[in-house]
Amino acid sequence: MPIAGVSERRGVRTGAGLLDQIGNTPLVQVGSLTADLAGIEIWTKLEFLNPGGSVKDRPGLNIVNEAEISGRLVKGRTILDATSGNTGIAYAMVGAAKGYRVALCLAANVSRERKQILEALGAELIFTDPAEGSDGAIRRVREIYAQHPDEYFYADQYSNDANWRAHFESTGPEIVAQTEGRVTHFVALLGTTGTFIGTSRRLKRDVPGIECWSAQPATPLHGIEGTKHLPAAIVPRIYDSTVADGNMWIETEACHRMARRMARAEGLLLGISAAGNLVAARELAERLAAQGRRGVIVTIACDGAAKYLSESFWGEGE
Ligand SMILES: Cc1ncc(COP(=O)(O)O)c(C=O)c1O
């Protein structure tokens, strides 16, 4: 069953609403990353082409759709959640399109561009202590919901199965179709873990022999917005440690270098985690090459560079 509101093919339908344009993003090969590795390909899914600008449009829409169907979200209730930004943008967009108010708790140090987008979409923003990261925002949202349970629909992207199911029903099958079943490896950084868990579960069901690798920031304090170093974080309820075949640890500086390289070598303007996913994909490619193996590695361009352009790393280094 497809998630509601996913169009058959971007751009060819007329008369469809904005939310029908979520999903069916292009998958592109990043040729310059494996030019020196025979028989290995790296592909990334351009999730920044979703209408809200990120991969989180998929769970944002599916969480709201499933809540409407179950009756947990009814007209007059406010959609409430903790979000580092992209899911908030998705909720704010879906809320505006469907006629719900949206209230969001987020660490006060998320990028200025994200705050401006959320405010433009009409969301109410509740800022929490940056030192507590996304976990501080989760604690605050739980307090608010406990005080006023009848006013809010607590979307709870960290515990809501509609999060990973969005990827099980859309991202996973799209990757199978777009690679014509050739995909051999999937890798993605973990945040709520919905992208990795949902996509991997589908790929493991449908593609014999596939390996799915998670990736995480190498340290608890890092600059890879939207992602988590799980050993030092509240582990999301939807996370399932049995899904990953292995995990890679990613340094923030490597993401910055990759973002610069992709902009200049490929014309790909990536966000930091999207660049980090390519760091992980390249490391996987090197391991395969060292073992004399071939591979079709797929990863996710979670969002684009637009929300990070004020960061100084664009002008640093090589
Ligand atoms: C920019 C960015 N990258 C990666 C992720 C991680 O994706 P997931 O929450 O599906 O694990 C997020 C999640 O919000 C994100 O906003």
# chains A, B, ... in the order shown; residues from 1 in each chain; ligands from 1
$ residues_around --residues "A:Leu309" --least-positions-apart "2" --cutoff "10 Å" --atoms "only C-alpha atoms" --output "ChimeraX atom specification"
/A:111,113,269,271,304-307,311-314
$ residues_around --residues "stretch 145-148 of chain A" --least-positions-apart "3" --cutoff "12 Å" --atoms "only C-alpha atoms" --output "list in words"
Arg77, Thr78, Ile79, Leu80, Asp81, Ala82, Ala103, Leu104, Cys105, Ile138, Arg139, Arg140, Val141, Arg142, Glu151, Tyr152, Phe153, Tyr154, Ala155 and Asp156 of chain A
$ residues_around --residues "A:Arg260" --least-positions-apart "2" --cutoff "9 Å" --atoms "only C-alpha atoms" --output "count of residues only"
17
$ residues_around --residues "A:Leu27" --least-positions-apart "6" --cutoff "8 Å" --atoms "only C-alpha atoms" --output "PyMOL selection string"
chain A and resi 43-46+175+178
$ residues_around --residues "A:Ala131" --least-positions-apart "3" --cutoff "9 Å" --atoms "only C-alpha atoms" --output "list in words"
Ala107, Asn109, Thr128 and Gly136 of chain A
$ closest_residue --among "A:Ala123, A:Leu189, A:Ala218, A:Ile238" --to "A:Ile300" --atoms "only C-alpha atoms"
A:Leu189
$ closest_residue --among "A:Glu251, A:Glu266, A:Glu225, A:Glu119" --to "A:Thr83" --atoms "only C-alpha atoms"
A:Glu225
$ select_by_dssp --residues "stretch 151-209 of chain A" --states "helix (DSSP H, G or I)" --output "PyMOL selection string"
chain A and resi 161-178+194-206
$ closest_residue --among "A:Arg101, A:Gly276, A:Ile69, A:Gln216" --to "A:Arg261" --atoms "only C-alpha atoms"
A:Gly276
$ residues_near_ligand --ligand "ligand 1" --cutoff "6 Å" --atoms "only C-alpha atoms and all ligand atoms" --output "list in words"
Asn86, Thr87, Leu190, Gly191, Thr192, Thr193, Gly194, Thr195, Glu225, Gly226, Thr227, Ser273, Cys302 and Asp303 of chain A
$ residues_around --residues "A:Ala233" --least-positions-apart "2" --cutoff "9 Å" --atoms "only C-alpha atoms" --output "list in words"
Ser134, Asp135, Pro220, Lys228, His229, Leu230, Pro231, Val235 and Pro236 of chain A
$ write_last_selection --atoms "N, CA and C atoms" --output "mmCIF file, in the first residue's frame"
data_model
loop_
_atom_site.group_PDB
_atom_site.id
_atom_site.type_symbol
_atom_site.label_atom_id
_atom_site.label_comp_id
_atom_site.auth_asym_id
_atom_site.auth_seq_id
_atom_site.Cartn_x
_atom_site.Cartn_y
_atom_site.Cartn_z
ATOM 1 N N SER A 134 18.867 17.881 20.875
ATOM 2 C CA SER A 134 17.491 17.502 20.543
ATOM 3 C C SER A 134 16.811 16.805 21.725
ATOM 4 N N ASP A 135 17.595 16.193 22.629
ATOM 5 C CA ASP A 135 16.977 15.535 23.783
ATOM 6 C C ASP A 135 16.283 16.548 24.700
ATOM 7 N N PRO A 220 29.648 12.794 20.476
ATOM 8 C CA PRO A 220 28.351 13.318 20.931
ATOM 9 C C PRO A 220 28.122 14.765 20.492
ATOM 10 N N LYS A 228 22.242 11.770 15.178
ATOM 11 C CA LYS A 228 22.515 11.470 16.583
ATOM 12 C C LYS A 228 23.676 10.509 16.744
ATOM 13 N N HIS A 229 24.459 10.754 17.787
ATOM 14 C CA HIS A 229 25.483 9.804 18.254
ATOM 15 C C HIS A 229 24.775 8.957 19.310
ATOM 16 N N LEU A 230 24.230 7.812 18.924
ATOM 17 C CA LEU A 230 23.313 7.071 19.794
ATOM 18 C C LEU A 230 23.894 6.675 21.156
ATOM 19 N N PRO A 231 25.195 6.346 21.256
ATOM 20 C CA PRO A 231 25.697 5.947 22.578
ATOM 21 C C PRO A 231 25.504 7.029 23.642
ATOM 22 N N VAL A 235 17.826 6.920 22.927
ATOM 23 C CA VAL A 235 17.669 6.097 21.716
ATOM 24 C C VAL A 235 16.197 6.116 21.296
ATOM 25 N N PRO A 236 15.901 6.501 20.028
ATOM 26 C CA PRO A 236 14.499 6.557 19.583
ATOM 27 C C PRO A 236 13.828 5.194 19.712
#
$ select_by_dssp --residues "stretch 120-156 of chain A" --states "strand (DSSP E)" --output "list of chain:residue names"
A:Glu124, A:Leu125, A:Ile126, A:Phe127, A:Thr128, A:Tyr152, A:Phe153, A:Tyr154
$ closest_residue --among "A:Ile197, A:Val187, A:Val176, A:Ile224" --to "A:Leu278" --atoms "only C-alpha atoms"
A:Val187
$ atom_distance --atom1 "atom CA of A:Ser170" --atom2 "atom CA of A:Leu49"
14.9 Å
$ atom_distance --atom1 "atom CA of A:Gly246" --atom2 "atom CA of A:Arg201"
14.5 Å
$ closest_residue --among "A:Glu174, A:Ile117, A:Trp213, A:Ala97" --to "A:Pro26" --atoms "only C-alpha atoms"
A:Glu174
$ atom_distance --atom1 "atom CA of A:Val243" --atom2 "atom CA of A:Leu221"
25.2 Å
$ closest_residue --among "A:Asp161, A:Glu41, A:Glu124, A:Asp57" --to "A:Thr25" --atoms "only C-alpha atoms"
A:Asp57
